[in-house]
Every structure is written in structure tokens, then in C-alpha cells.
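Undergrad: Just so it is clear, I am handing over my_file_16.tsv, which has TSV, C-alpha atoms.
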chain	number	residue	atom	x	y	z
J	1	MET	CA	-34.39	-50.44	-5.29
J	2	THR	CA	-35.79	-52.72	-2.59
J	3	PRO	CA	-33.12	-53.63	0.01
J	4	PRO	CA	-32.37	-57.38	0.05
J	5	LEU	CA	-33.38	-57.65	3.70
J	6	ALA	CA	-36.78	-56.19	2.89
J	7	ARG	CA	-37.37	-58.97	0.35
J	8	LEU	CA	-36.29	-61.62	2.88
J	9	LEU	CA	-38.55	-60.22	5.60
J	10	ALA	CA	-41.50	-59.95	3.22
J	11	ARG	CA	-41.09	-63.64	2.33
J	12	ARG	CA	-40.80	-64.55	6.02
J	13	ILE	CA	-44.01	-62.68	6.83
J	14	ALA	CA	-45.79	-64.32	3.89
J	15	VAL	CA	-44.96	-67.73	5.40
J	16	GLU	CA	-45.19	-67.04	9.13
J	17	GLY	CA	-47.63	-64.14	9.28
J	18	PRO	CA	-46.86	-60.80	10.97
J	19	ILE	CA	-43.70	-60.91	13.12
J	20	THR	CA	-43.01	-59.22	16.44
J	21	VAL	CA	-41.32	-55.84	16.58
J	22	ALA	CA	-38.44	-57.61	18.36
J	23	ALA	CA	-38.00	-60.06	15.47
J	24	PHE	CA	-38.09	-57.22	12.93
J	25	MET	CA	-35.59	-55.22	14.93
J	26	ALA	CA	-33.25	-58.19	15.42
J	27	ASP	CA	-33.06	-58.84	11.68
J	28	ALA	CA	-32.93	-55.17	10.69
J	29	LEU	CA	-29.90	-54.62	12.92
J	30	GLY	CA	-28.21	-58.00	13.12
J	31	HIS	CA	-29.07	-60.18	10.11
J	32	PRO	CA	-25.79	-62.02	9.38
J	33	ALA	CA	-25.66	-60.87	5.75
J	34	HIS	CA	-27.80	-57.74	5.51
J	35	GLY	CA	-28.17	-56.34	9.04
J	36	TYR	CA	-27.49	-52.65	9.60
J	37	TYR	CA	-24.58	-53.16	12.03
J	38	VAL	CA	-23.11	-56.03	10.02
J	39	THR	CA	-22.65	-54.12	6.79
J	40	ARG	CA	-21.33	-50.66	7.75
J	41	ASP	CA	-19.58	-48.30	10.12
J	42	PRO	CA	-22.57	-46.17	11.19
J	43	LEU	CA	-20.64	-43.59	13.22
J	44	GLY	CA	-19.43	-40.07	12.53
J	45	ALA	CA	-20.26	-37.34	10.05
J	46	ALA	CA	-20.27	-39.76	7.13
J	47	GLY	CA	-22.48	-42.23	9.01
J	48	ASP	CA	-25.84	-41.97	10.69
J	49	PHE	CA	-25.17	-40.89	14.29
J	50	THR	CA	-22.46	-39.80	16.71
J	51	THR	CA	-21.88	-41.19	20.21
J	52	ALA	CA	-20.24	-39.57	23.23
J	53	PRO	CA	-16.76	-41.11	22.69
J	54	GLU	CA	-16.72	-39.66	19.16
J	55	ILE	CA	-17.63	-36.18	20.47
J	56	SER	CA	-14.61	-35.88	22.75
J	57	GLN	CA	-11.73	-37.88	24.17
J	58	MET	CA	-12.83	-36.61	27.60
J	59	PHE	CA	-15.68	-39.10	27.76
J	60	GLY	CA	-13.54	-42.21	27.32
J	61	GLU	CA	-10.74	-40.85	29.49
J	62	LEU	CA	-13.09	-40.28	32.41
J	63	VAL	CA	-14.66	-43.70	31.95
J	64	GLY	CA	-11.15	-45.20	32.03
J	65	LEU	CA	-10.34	-43.40	35.26
J	66	TRP	CA	-13.70	-44.52	36.68
J	67	ALA	CA	-12.76	-48.10	35.83
J	68	ALA	CA	-9.36	-47.75	37.53
J	69	ASP	CA	-10.92	-46.25	40.65
J	70	THR	CA	-13.60	-48.94	40.74
J	71	TRP	CA	-10.94	-51.63	40.34
J	72	ALA	CA	-9.21	-50.33	43.47
J	73	ARG	CA	-12.51	-50.25	45.38
J	74	ILE	CA	-13.24	-53.92	44.60
J	75	GLY	CA	-9.85	-55.08	45.82
J	76	ALA	CA	-7.56	-54.54	42.80
J	77	PRO	CA	-7.93	-58.03	41.29
J	78	ASN	CA	-5.12	-59.10	38.96
J	79	PRO	CA	-5.90	-59.95	36.23
J	80	VAL	CA	-9.17	-58.14	35.58
J	81	LEU	CA	-11.21	-58.22	32.40
J	82	LEU	CA	-12.03	-54.79	30.98
J	83	VAL	CA	-15.03	-55.52	28.78
J	84	GLU	CA	-16.93	-53.25	26.44
J	85	LEU	CA	-20.31	-54.21	25.01
J	86	GLY	CA	-20.87	-52.76	21.55
J	87	PRO	CA	-17.55	-50.87	21.35
J	88	GLY	CA	-18.20	-49.00	18.10
J	89	ARG	CA	-14.90	-47.97	16.51
J	90	GLY	CA	-12.94	-48.74	19.69
J	91	THR	CA	-12.65	-45.02	20.47
J	92	LEU	CA	-13.95	-45.23	24.04
J	93	MET	CA	-11.68	-48.16	24.89
J	94	ALA	CA	-8.62	-46.49	23.33
J	95	ASP	CA	-9.21	-43.32	25.34
J	96	ALA	CA	-9.93	-45.31	28.50
J	97	LEU	CA	-6.71	-47.30	28.19
J	98	ARG	CA	-4.68	-44.16	27.59
J	99	ALA	CA	-6.08	-42.66	30.81
J	100	ALA	CA	-5.53	-45.96	32.61
J	101	ARG	CA	-1.80	-45.61	32.09
J	102	THR	CA	-1.88	-43.05	34.90
J	103	VAL	CA	-2.65	-46.01	37.21
J	104	PRO	CA	0.12	-48.43	36.12
J	105	ALA	CA	-0.98	-51.33	38.33
J	106	PHE	CA	-4.49	-51.21	36.88
J	107	ARG	CA	-3.28	-51.01	33.30
J	108	ALA	CA	-0.96	-53.97	33.88
J	109	ALA	CA	-3.84	-56.01	35.31
J	110	VAL	CA	-6.26	-55.27	32.46
J	111	ARG	CA	-7.18	-57.84	29.81
J	112	VAL	CA	-9.31	-56.23	27.09
J	113	HIS	CA	-12.38	-58.05	25.80
J	114	LEU	CA	-14.88	-56.69	23.26
J	115	VAL	CA	-18.39	-58.00	22.61
J	116	GLU	CA	-19.03	-57.17	18.97
J	117	THR	CA	-20.83	-58.97	16.12
J	118	SER	CA	-20.04	-56.59	13.24
J	119	PRO	CA	-17.05	-57.58	11.09
J	120	VAL	CA	-16.81	-53.99	9.83
J	121	LEU	CA	-16.58	-52.56	13.33
J	122	ARG	CA	-14.25	-55.32	14.53
J	123	ALA	CA	-11.80	-54.17	11.86
J	124	ARG	CA	-12.06	-50.57	13.08
J	125	GLN	CA	-11.56	-51.73	16.68
J	126	ALA	CA	-8.50	-53.76	15.72
J	127	ALA	CA	-6.95	-50.69	14.10
J	128	ALA	CA	-7.65	-48.55	17.17
J	129	LEU	CA	-6.60	-51.12	19.76
J	130	GLY	CA	-3.89	-53.21	18.17
J	131	GLY	CA	-1.46	-52.60	21.00
J	132	ALA	CA	-4.00	-53.63	23.61
J	133	ASP	CA	-4.27	-57.22	22.31
J	134	PRO	CA	-8.09	-57.34	22.53
J	135	ALA	CA	-10.14	-60.53	22.36
J	136	TRP	CA	-13.50	-60.47	20.59
J	137	HIS	CA	-16.74	-62.22	21.47
J	138	ALA	CA	-20.07	-62.44	19.69
J	139	ASP	CA	-21.91	-62.84	22.99
J	140	VAL	CA	-21.28	-62.24	26.69
J	141	ALA	CA	-21.65	-65.97	27.30
J	142	THR	CA	-18.19	-66.66	25.86
J	143	LEU	CA	-16.31	-64.22	28.09
J	144	PRO	CA	-13.77	-66.04	30.29
J	145	PRO	CA	-14.39	-66.31	34.03
J	146	GLY	CA	-12.95	-63.93	36.60
J	147	PRO	CA	-13.48	-60.38	37.85
J	148	ALA	CA	-14.67	-58.04	35.11
J	149	ILE	CA	-15.38	-54.35	34.75
J	150	VAL	CA	-17.97	-54.02	31.99
J	151	ILE	CA	-18.70	-50.82	30.05
J	152	ALA	CA	-21.86	-50.47	27.95
J	153	ASN	CA	-22.28	-47.10	26.23
J	154	GLU	CA	-25.31	-46.91	23.94
J	155	PHE	CA	-25.57	-50.68	23.86
J	156	PHE	CA	-28.92	-51.45	25.48
J	157	ASP	CA	-30.90	-49.00	23.31
J	158	ALA	CA	-30.24	-51.17	20.24
J	159	LEU	CA	-31.42	-54.45	21.78
J	160	PRO	CA	-34.77	-55.67	20.40
J	161	ILE	CA	-37.98	-54.63	22.13
J	162	ARG	CA	-41.49	-56.01	22.18
J	163	GLN	CA	-44.37	-53.54	21.98
J	164	PHE	CA	-47.90	-53.90	23.34
J	165	VAL	CA	-50.99	-51.71	22.99
J	166	ARG	CA	-53.68	-51.63	25.68
J	167	GLY	CA	-57.17	-52.49	24.47
J	168	PRO	CA	-60.48	-52.89	26.35
J	169	GLY	CA	-59.76	-56.54	27.07
J	170	GLY	CA	-56.02	-56.42	27.74
J	171	TRP	CA	-52.69	-55.81	26.07
J	172	HIS	CA	-52.28	-56.77	22.40
J	173	GLU	CA	-48.81	-57.30	20.97
J	174	ARG	CA	-47.80	-55.05	18.10
J	175	ARG	CA	-46.41	-56.89	15.12
J	176	VAL	CA	-44.99	-55.95	11.73
J	177	THR	CA	-46.73	-56.94	8.53
J	178	ALA	CA	-45.86	-56.55	4.85
J	179	THR	CA	-47.94	-54.39	2.53
J	180	ASP	CA	-47.67	-53.28	-1.07
J	181	ALA	CA	-46.06	-50.09	0.23
J	182	GLY	CA	-43.55	-51.80	2.53
J	183	PHE	CA	-43.88	-52.69	6.20
J	184	ALA	CA	-46.42	-51.46	8.72
J	185	PRO	CA	-47.43	-52.14	12.32
J	186	ALA	CA	-50.35	-54.45	13.07
J	187	LEU	CA	-51.95	-55.72	16.27
J	188	ASP	CA	-52.62	-59.26	17.41
J	189	PRO	CA	-56.40	-59.63	17.55
J	190	LEU	CA	-56.28	-61.30	20.97
J	191	PRO	CA	-54.64	-60.09	24.20
J	192	SER	CA	-51.17	-61.53	24.73
J	193	ALA	CA	-50.04	-63.64	27.66
J	194	ALA	CA	-46.62	-62.02	27.15
J	195	ALA	CA	-48.10	-58.82	28.57
J	196	ALA	CA	-47.04	-60.25	31.94
J	197	LEU	CA	-43.58	-58.90	31.00
J	198	ILE	CA	-44.85	-55.31	31.27
J	199	PRO	CA	-43.97	-53.72	34.64
J	200	ASP	CA	-47.01	-53.58	36.93
J	201	PRO	CA	-47.24	-49.77	37.16
J	202	VAL	CA	-47.69	-49.61	33.38
J	203	ARG	CA	-49.60	-52.84	32.85
J	204	LEU	CA	-52.19	-51.98	35.50
J	205	GLY	CA	-52.32	-48.20	35.26
J	206	ALA	CA	-51.89	-47.17	31.62
J	207	PRO	CA	-54.92	-45.84	29.72
J	208	LEU	CA	-56.57	-47.43	26.69
J	209	GLY	CA	-54.43	-47.04	23.60
J	210	ALA	CA	-51.20	-46.75	25.58
J	211	VAL	CA	-48.06	-48.40	24.19
J	212	ALA	CA	-45.79	-50.42	26.48
J	213	GLU	CA	-42.29	-51.58	25.60
J	214	VAL	CA	-40.20	-54.33	27.14
J	215	SER	CA	-36.76	-55.61	26.23
J	216	PRO	CA	-36.33	-59.27	27.22
J	217	ALA	CA	-32.86	-59.17	25.64
J	218	GLY	CA	-31.87	-56.17	27.75
J	219	ARG	CA	-33.14	-57.79	30.93
J	220	ALA	CA	-31.24	-60.98	30.09
J	221	VAL	CA	-27.94	-59.10	29.71
J	222	ALA	CA	-28.58	-57.17	32.94
J	223	ARG	CA	-29.33	-60.44	34.75
J	224	TRP	CA	-26.09	-61.90	33.38
J	225	LEU	CA	-24.19	-58.85	34.63
J	226	GLY	CA	-25.71	-59.22	38.10
J	227	GLU	CA	-24.85	-62.91	38.25
J	228	ARG	CA	-21.33	-62.29	36.98
J	229	ILE	CA	-20.65	-59.54	39.52
J	230	ALA	CA	-22.12	-61.53	42.39
J	231	GLY	CA	-20.22	-64.67	41.45
J	232	ASP	CA	-16.86	-63.53	40.06
J	233	GLY	CA	-16.61	-59.94	41.28
J	234	GLY	CA	-16.33	-56.79	39.26
J	235	ALA	CA	-18.61	-53.94	38.26
J	236	ALA	CA	-20.55	-52.54	35.33
J	237	LEU	CA	-21.22	-49.06	33.97
J	238	ILE	CA	-24.21	-48.53	31.68
J	239	VAL	CA	-24.67	-45.24	29.81
J	240	ASP	CA	-27.68	-44.79	27.55
J	241	TYR	CA	-30.69	-42.64	26.87
J	242	GLY	CA	-33.95	-43.57	28.51
J	243	HIS	CA	-36.01	-43.21	31.65
J	244	ASP	CA	-35.42	-44.07	35.29
J	245	ARG	CA	-38.86	-45.56	35.98
J	246	PRO	CA	-41.29	-47.66	33.91
J	247	GLY	CA	-43.59	-45.63	31.71
J	248	ALA	CA	-45.86	-45.97	28.72
J	249	GLY	CA	-44.95	-44.61	25.29
J	250	ASP	CA	-43.75	-45.57	21.84
J	251	THR	CA	-40.03	-44.75	21.72
J	252	LEU	CA	-39.00	-46.90	18.75
J	253	GLN	CA	-37.05	-44.69	16.39
J	254	ALA	CA	-34.89	-44.94	13.30
J	255	VAL	CA	-32.02	-42.69	12.20
J	256	ARG	CA	-30.35	-42.43	8.83
J	257	GLY	CA	-27.92	-39.70	7.83
J	258	HIS	CA	-28.26	-38.04	11.25
J	259	GLY	CA	-32.01	-37.56	10.77
J	260	PRO	CA	-35.18	-39.46	11.69
J	261	VAL	CA	-36.82	-41.86	9.24
J	262	PRO	CA	-39.86	-44.16	9.64
J	263	PRO	CA	-38.80	-47.16	11.76
J	264	PHE	CA	-40.20	-49.81	9.41
J	265	ASP	CA	-38.81	-48.21	6.26
J	266	ALA	CA	-36.07	-50.06	4.31
J	267	PRO	CA	-34.91	-52.47	7.05
J	268	GLY	CA	-31.16	-52.87	7.28
J	269	THR	CA	-30.44	-49.31	6.09
J	270	ALA	CA	-31.12	-47.33	9.29
J	271	ASP	CA	-30.29	-47.54	12.98
J	272	LEU	CA	-33.21	-48.72	15.13
J	273	THR	CA	-33.28	-47.93	18.83
J	274	ALA	CA	-35.67	-47.51	21.76
J	275	HIS	CA	-35.38	-45.76	25.10
J	276	VAL	CA	-33.91	-47.89	27.87
J	277	CYS	CA	-35.94	-48.59	31.00
J	278	PHE	CA	-33.26	-48.37	33.66
J	279	ALA	CA	-35.61	-49.64	36.37
J	280	SER	CA	-35.98	-52.92	34.48
J	281	LEU	CA	-32.21	-53.33	34.08
J	282	ALA	CA	-31.66	-52.51	37.76
J	283	ALA	CA	-34.31	-54.98	38.91
J	284	ALA	CA	-32.85	-57.78	36.78
J	285	ALA	CA	-29.30	-57.20	38.02
J	286	ALA	CA	-30.33	-56.72	41.65
J	287	GLY	CA	-32.38	-59.91	41.53
J	288	ALA	CA	-29.22	-61.72	40.41
J	289	GLY	CA	-27.20	-60.42	43.34
J	290	ALA	CA	-25.60	-57.10	42.32
J	291	ALA	CA	-25.77	-53.79	44.16
J	292	ILE	CA	-27.28	-50.96	42.09
J	293	HIS	CA	-26.11	-47.34	42.02
J	294	GLY	CA	-28.06	-44.64	40.20
J	295	PRO	CA	-29.22	-43.93	37.63
J	296	VAL	CA	-27.92	-40.38	37.50
J	297	GLY	CA	-27.73	-37.96	34.60
J	298	GLN	CA	-24.69	-38.19	32.34
J	299	GLY	CA	-23.95	-34.54	33.01
J	300	ALA	CA	-23.89	-34.95	36.78
J	301	PHE	CA	-21.80	-38.12	36.44
J	302	LEU	CA	-19.15	-36.53	34.23
J	303	GLU	CA	-19.00	-33.38	36.33
J	304	ALA	CA	-18.41	-35.49	39.45
J	305	LEU	CA	-15.54	-37.20	37.63
J	306	GLY	CA	-13.94	-33.86	36.71
J	307	ILE	CA	-14.88	-33.14	33.11
J	308	ARG	CA	-14.62	-29.39	33.64
J	309	GLU	CA	-11.11	-29.72	35.01
J	310	ARG	CA	-10.13	-32.03	32.16
J	311	ALA	CA	-11.54	-29.60	29.60
J	312	ASP	CA	-9.56	-26.75	31.16
J	313	ALA	CA	-6.36	-28.82	31.03
J	314	LEU	CA	-6.90	-29.72	27.37
J	315	SER	CA	-7.61	-26.06	26.54
J	316	ARG	CA	-4.38	-24.94	28.20
J	317	ALA	CA	-2.44	-27.53	26.20
J	318	ALA	CA	-4.12	-26.53	22.93
J	319	PRO	CA	-5.42	-22.93	23.16
J	320	ASP	CA	-6.39	-22.94	19.48
J	321	ARG	CA	-8.90	-25.72	20.25
J	322	ALA	CA	-10.34	-24.21	23.43
J	323	GLU	CA	-13.65	-23.26	21.82
J	324	ALA	CA	-14.14	-26.73	20.33
J	325	ILE	CA	-13.22	-28.39	23.62
J	326	ALA	CA	-15.73	-26.24	25.52
J	327	SER	CA	-18.42	-27.00	22.94
J	328	ALA	CA	-17.81	-30.76	23.26
J	329	ARG	CA	-17.89	-30.51	27.06
J	330	ASP	CA	-21.21	-28.67	26.95
J	331	ARG	CA	-22.67	-31.18	24.52
J	332	LEU	CA	-21.78	-34.04	26.87
J	333	ILE	CA	-23.07	-32.44	30.08
J	334	GLY	CA	-25.62	-29.80	29.06
J	335	ALA	CA	-29.20	-30.26	30.22
J	336	ASP	CA	-30.35	-29.25	26.72
J	337	ALA	CA	-27.97	-31.76	25.10
J	338	MET	CA	-26.89	-35.17	26.46
J	339	GLY	CA	-26.55	-34.31	30.13
J	340	THR	CA	-30.06	-35.19	31.28
J	341	LEU	CA	-31.56	-37.51	28.67
J	342	PHE	CA	-28.58	-39.84	28.94
J	343	ARG	CA	-28.58	-41.79	32.20
J	344	VAL	CA	-25.78	-43.64	33.96
J	345	LEU	CA	-26.28	-46.80	36.03
J	346	ALA	CA	-23.60	-48.73	37.90
J	347	MET	CA	-23.60	-52.26	39.25
J	348	GLY	CA	-21.16	-53.61	41.79
J	349	PRO	CA	-20.67	-56.10	44.60
J	350	ARG	CA	-22.85	-55.74	47.63
J	351	GLY	CA	-21.28	-54.33	50.77
J	352	ILE	CA	-18.88	-51.77	49.27
J	353	ALA	CA	-19.23	-48.00	48.96
J	354	PRO	CA	-20.87	-46.52	45.86
J	355	PRO	CA	-18.43	-45.95	42.98
J	356	ALA	CA	-17.27	-42.53	41.87
J	357	GLY	CA	-20.00	-40.39	40.35
J	358	PHE	CA	-22.78	-41.88	42.44
Here is the file; what I need is its structure written in the form of C-alpha cells.
TA:
Amino acid sequence: MTPPLARLLARRIAVEGPITVAAFMADALGHPAHGYYVTRDPLGAAGDFTTAPEISQMFGELVGLWAADTWARIGAPNPVLLVELGPGRGTLMADALRAARTVPAFRAAVRVHLVETSPVLRARQAAALGGADPAWHADVATLPPGPAIVIANEFFDALPIRQFVRGPGGWHERRVTATDAGFAPALDPLPSAAAALIPDPVRLGAPLGAVAEVSPAGRAVARWLGERIAGDGGAALIVDYGHDRPGAGDTLQAVRGHGPVPPFDAPGTADLTAHVCFASLAAAAAGAGAAIHGPVGQGAFLEALGIRERADALSRAAPDRAEAIASARDRLIGADAMGTLFRVLAMGPRGIAPPAGF
């Protein structure tokens, strides 16, 4: 059966012509009635993918302690907003707040705010965080003023991207068209002025046929973070998979049932993501006034925060779970697992020492 969103997109393309990859991605993930994130809880064994907070409580606990330590470094503002972008089931925030209780002054100062558009996930977050009295927002623009520590774990990879392909006369934007068999990529016949968005090393140096990706939405959020930190104080921690420097390549991917599927197949039924360009996020935030730290590998970051010591402590408390705890630790920090592919970037005020882990 054809998904309802596929019928809507096919009609849109029939009227407007082929749409950008960004427009396809935005509707596939966030359509108010049929978008992937709007209609389901995608996490866990019964869902489509698993994130670090769902692998082990150690991840969220260490992020919570990082937040408490960073709060002290920026002057211990009271109150302080503890914000998570795309908080999933609320698991990371619940673990972070539990760890934050070891720093009572920080926990007392915290006001929890969640940026989430999915009604399904908001319900899961409410169940996990009822005692924390969280406030929800559909967009960062509605967060109240004041110092904020912002956490974004696997948030930027799901923001829409634009794709371009280099031809003999310039960069042509890739679009999505409708066919009898479904949806397929197509190229604008003329070079695009929007290719100016591509970082110079790629735009000027990539070979013919190369694919370049940019995320205007990601850059906009990073710019907002930089402005917010420079103006109101605070910090941000971004954890995601991607690359430190600009590079060419088609990284758009779709996952359903913990396995890859074609990215333009059955929109609204699979998770769509692309690798994050951390250099672009850093440049946007730095241009808005924030200091940048990293990126570093997730493994190195978590080891610096004490994940091995935390794993040992959990194993002593629950010897029957020692093997599972060690396996989760290795999955989070191993070079052949999440430890290298996942990168960690921090933003903070200028003029203070780098935060823990950097």
C-alpha cells in the first residue's frame, strides 16, 4: 500500500516540479500528519535505530556531570536552562539529571527545556521526566532568555540537507522527482547559484561528478547557539556522526528496522539522516561569537570523563551485569564502533578554559 505521504509528495511534485532533497527530507521526517518522527517512537529494538543513551546509562550520566562541571566553569548561574534538542525518549536527560544530583547546587539551579516536535516522543519524555517539570518547545526560538547549557545528541544529522553534483559548467542541485516506480533523484539542468553555500575547499576542488552536501538548517541552529552563548552565556555540547572538515560525498541514508533502505523509498516510514559537517557548525557558531572546542572522538571524550571508572563501579554494584556493562562501554568508545565515527563539539563563552573532555 502506498504511504499517504508518498501520495501527497507525488501530487506536490506534479504541481511544482521536482523538489529539493531538503524539501523531501523535511516532509519525510517532519510532516505534521505523516512525518516519520511525528507518528512513531523510532528507538530501541522494536524501532529502527538505537542511540547512545539507550545503549547505557553511562552516556547520559557523564553528559550530566559534564553539564554540571561546565556550569561551574561559566560562573554557576542560577537559574540555568538545561536544554536538549531532539531528546528522544528523555533517557539522556533522565540519566543526566540523576547524575546532577551529586552537585546539589547545579541541580537546584537547573530548569529543564526540551525542543521536540513529535507528540509521540513528547509523551515518552513526559513519562521519563515527570518529576523534572520540563517545558517543551517546537523550536529553539521560543526558549526563554538567560544562560543555557544545550545538549544535542544525534540531532543535527536529521536536519534537512541540500545536495549538489559537480558538472562541467558548475554545481547542479539534486532534486527528487516522482516516477511510476516511486521517487528518484534528478538534477537541475542549469548550475545553481545556491552552490555558493558549498565550502570553498569542496566547491573549488572536487572532481566532476562529486556530490556536495550542505545543511542550511544545521548552520542556522549553530549560529543561534553561538549568538545565544555570546549574548546570554552558557555552553553547548553536540554529539553526532560526521566529519571534522568539509568533504565531498553522498551520505544521505535511510534506516528501517535497524537496516539500510533506499533513501527515497516510502517517505515517512524510515529515518533519513546525513553525516554532519562539524567544520560548518563550528564556523557558524564562531562567527556568531562563541568559542569552539573540538571536535574530538566520542570515545576519547567519554574516556576523559571517566567512562571506564563508571563502568567498573556499575560492575561492582551488579556483578551479574558486568559483561553487559563492559559490552556497552566498548560500543560507546570503541574505534570499531561509535568511538571514532561519532564526534563531539563544544561551544562556550570566549575567554574561559576549554570544558572537560577537550
Undergrad: What are the closest atom pairs, with distances in Å to one decimal, for all residues of range 256-357 of chain J lying within 9 Å of range 66-89 of chain J? Consider only C-alpha atoms, order rows by chain and residue number, and present the result as CSV.
TA:
residue,atom,partner,partner_atom,distance
J:Leu305,CA,J:Trp66,CA,7.6
J:Gly348,CA,J:Ile74,CA,8.4
J:Pro349,CA,J:Ile74,CA,7.7
J:Ile352,CA,J:Arg73,CA,7.6
J:Ala353,CA,J:Arg73,CA,7.9
J:Pro355,CA,J:Thr70,CA,6.1
J:Ala356,CA,J:Trp66,CA,6.6
J:Gly357,CA,J:Trp66,CA,8.4
Undergrad: What lies within 8 Å of range 271-275 of chain J using only C-alpha atoms, ignoring chain neighbours under 4 positions off, as a list in words?
TA: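 Counting only the stated atoms, we get Met25, Ala28, Leu29, Tyr36, Asp48, Asp157, Ala158, Leu159, Ile161, Tyr241, Gly242, His243, Thr251, Leu252, Gln253, Ala254, Val255, Arg256 and Pro263 of chain J.
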Undergrad: Out of J:Val110, J:Ala184, J:Val165, J:Leu9, which residue has the shortest atom-to-atom distance to His34 in chain J when counting all atoms listed in the file?
TA: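 Once distances to His34 in chain J are computed over all atoms listed in the file, the minimum belongs to J:Leu9.
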Undergrad: Quick one: distance from CA of Gly170 in chain J to CA of Thr20 in chain J in Å, one decimal?
TA: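 Between these atoms lies a distance of 17.5 Å.
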Undergrad: Quick one: residues within 12 Å of Ala123 in chain J, all atoms listed in the file counted, chain neighbours fewer than 3 positions away excluded, as a ChimeraX atom specification?
TA: /J:38-41,87-90,116-120,126-130,134,136
Undergrad: Please identify all polymer residues lying at most 10 Å from the point (-32.9, -56.0, 34.2) (file coordinates), using all atoms listed in the file, and present the result as a PyMOL selection string.
TA: chain J and resi 215-226+277-288
Undergrad: How about saving the chosen residues, C-alpha atoms kept, as a short mmCIF file (atom, residue, chain, number, x, y, z; two decimals), in the coordinates of the input?
TA:
data_model
loop_
_atom_site.label_atom_id
_atom_site.label_comp_id
_atom_site.auth_asym_id
_atom_site.auth_seq_id
_atom_site.Cartn_x
_atom_site.Cartn_y
_atom_site.Cartn_z
CA SER J 215 -36.76 -55.61 26.23
CA PRO J 216 -36.33 -59.27 27.22
CA ALA J 217 -32.86 -59.17 25.64
CA GLY J 218 -31.87 -56.17 27.75
CA ARG J 219 -33.14 -57.79 30.93
CA ALA J 220 -31.24 -60.98 30.09
CA VAL J 221 -27.94 -59.10 29.71
CA ALA J 222 -28.58 -57.17 32.94
CA ARG J 223 -29.33 -60.44 34.75
CA TRP J 224 -26.09 -61.90 33.38
CA LEU J 225 -24.19 -58.85 34.63
CA GLY J 226 -25.71 -59.22 38.10
CA CYS J 277 -35.94 -48.59 31.00
CA PHE J 278 -33.26 -48.37 33.66
CA ALA J 279 -35.61 -49.64 36.37
CA SER J 280 -35.98 -52.92 34.48
CA LEU J 281 -32.21 -53.33 34.08
CA ALA J 282 -31.66 -52.51 37.76
CA ALA J 283 -34.31 -54.98 38.91
CA ALA J 284 -32.85 -57.78 36.78
CA ALA J 285 -29.30 -57.20 38.02
CA ALA J 286 -30.33 -56.72 41.65
CA GLY J 287 -32.38 -59.91 41.53
CA ALA J 288 -29.22 -61.72 40.41
#
Undergrad: With distances taken over all atoms listed in the file, which of J:Ala313, J:Leu332, J:Ala193, J:Val344 is nearest to Thr50 in chain J?
TA: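 The answer is J:Leu332, which sits nearest to Thr50 in chain J.
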Undergrad: Which residue out of J:Ala135, J:Leu92, J:Met58, J:Ala178 has the minimum interatomic distance to Arg11 in chain J when all atoms listed in the file are used?
TA: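 Selected residue with least distance to Arg11 in chain J: J:Ala178.
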Undergrad: Which of these, J:Pro201, J:Gly351, J:Pro4, J:Gly234, has the shortest distance to Pro267 in chain J once you count only C-alpha atoms?
TA: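 Closest candidate: J:Pro4.
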Undergrad: Measure the distance from CA of Ala304 in chain J to CA of Ile292 in chain J in Å and round it to one decimal.
TA: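 Calculated distance between CA of Ala304 in chain J and CA of Ile292 in chain J is 18.0 Å.
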Undergrad: Tell me, as number ranges by chain, which residues lie within 10 Å of Arg308 in chain J, counting all atoms listed in the file; anything in the same chain fewer than 6 positions away does not count.
TA: J: 58, 302, 314, 326, 329-330, 333
Undergrad: Write out as a short mmCIF file (atom, residue, chain, number, x, y, z; two decimals) with C-alpha atoms, keeping the file's coordinate frame the residues lying within 10 Å of Phe358 in chain J, counting all atoms listed in the file and excluding same-chain residues fewer than 6 positions away.
TA:
data_model
loop_
_atom_site.label_atom_id
_atom_site.label_comp_id
_atom_site.auth_asym_id
_atom_site.auth_seq_id
_atom_site.Cartn_x
_atom_site.Cartn_y
_atom_site.Cartn_z
CA HIS J 293 -26.11 -47.34 42.02
CA GLY J 294 -28.06 -44.64 40.20
CA PRO J 295 -29.22 -43.93 37.63
CA VAL J 296 -27.92 -40.38 37.50
CA ALA J 300 -23.89 -34.95 36.78
CA PHE J 301 -21.80 -38.12 36.44
CA ALA J 304 -18.41 -35.49 39.45
CA LEU J 305 -15.54 -37.20 37.63
CA VAL J 344 -25.78 -43.64 33.96
CA LEU J 345 -26.28 -46.80 36.03
CA ALA J 346 -23.60 -48.73 37.90
#
Undergrad: Quick one: pull the distance between CA of Pro185 in chain J and CA of Pro18 in chain J, Å, one decimal.
TA: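 So the answer is 8.8 Å.
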Undergrad: Give the padded box for range 172-184 of chain J as JSON: axis-aligned, covering all atoms listed in the file, 8 Å on each side, centre and edge lengths in Å to one decimal.
TA:
{"center_x": -47.9, "center_y": -53.7, "center_z": 10.7, "size_x": 24.7, "size_y": 23.2, "size_z": 39.5}
Undergrad: Pick out the closest residue to Ala148 in chain J from this set: J:Ala235, J:Ala291, J:Ala100, J:Val21. Count all atoms listed in the file.
TA: J:Ala235
Undergrad: Identify, on the basis of all atoms listed in the file, every residue whose closest approach to Thr91 in chain J does not exceed 7 Å; exclude the query and any residue fewer than 3 positions from it along the same chain; express the result as an MDAnalysis selection string.
TA: chainID J and resid 53:54 94:95 128
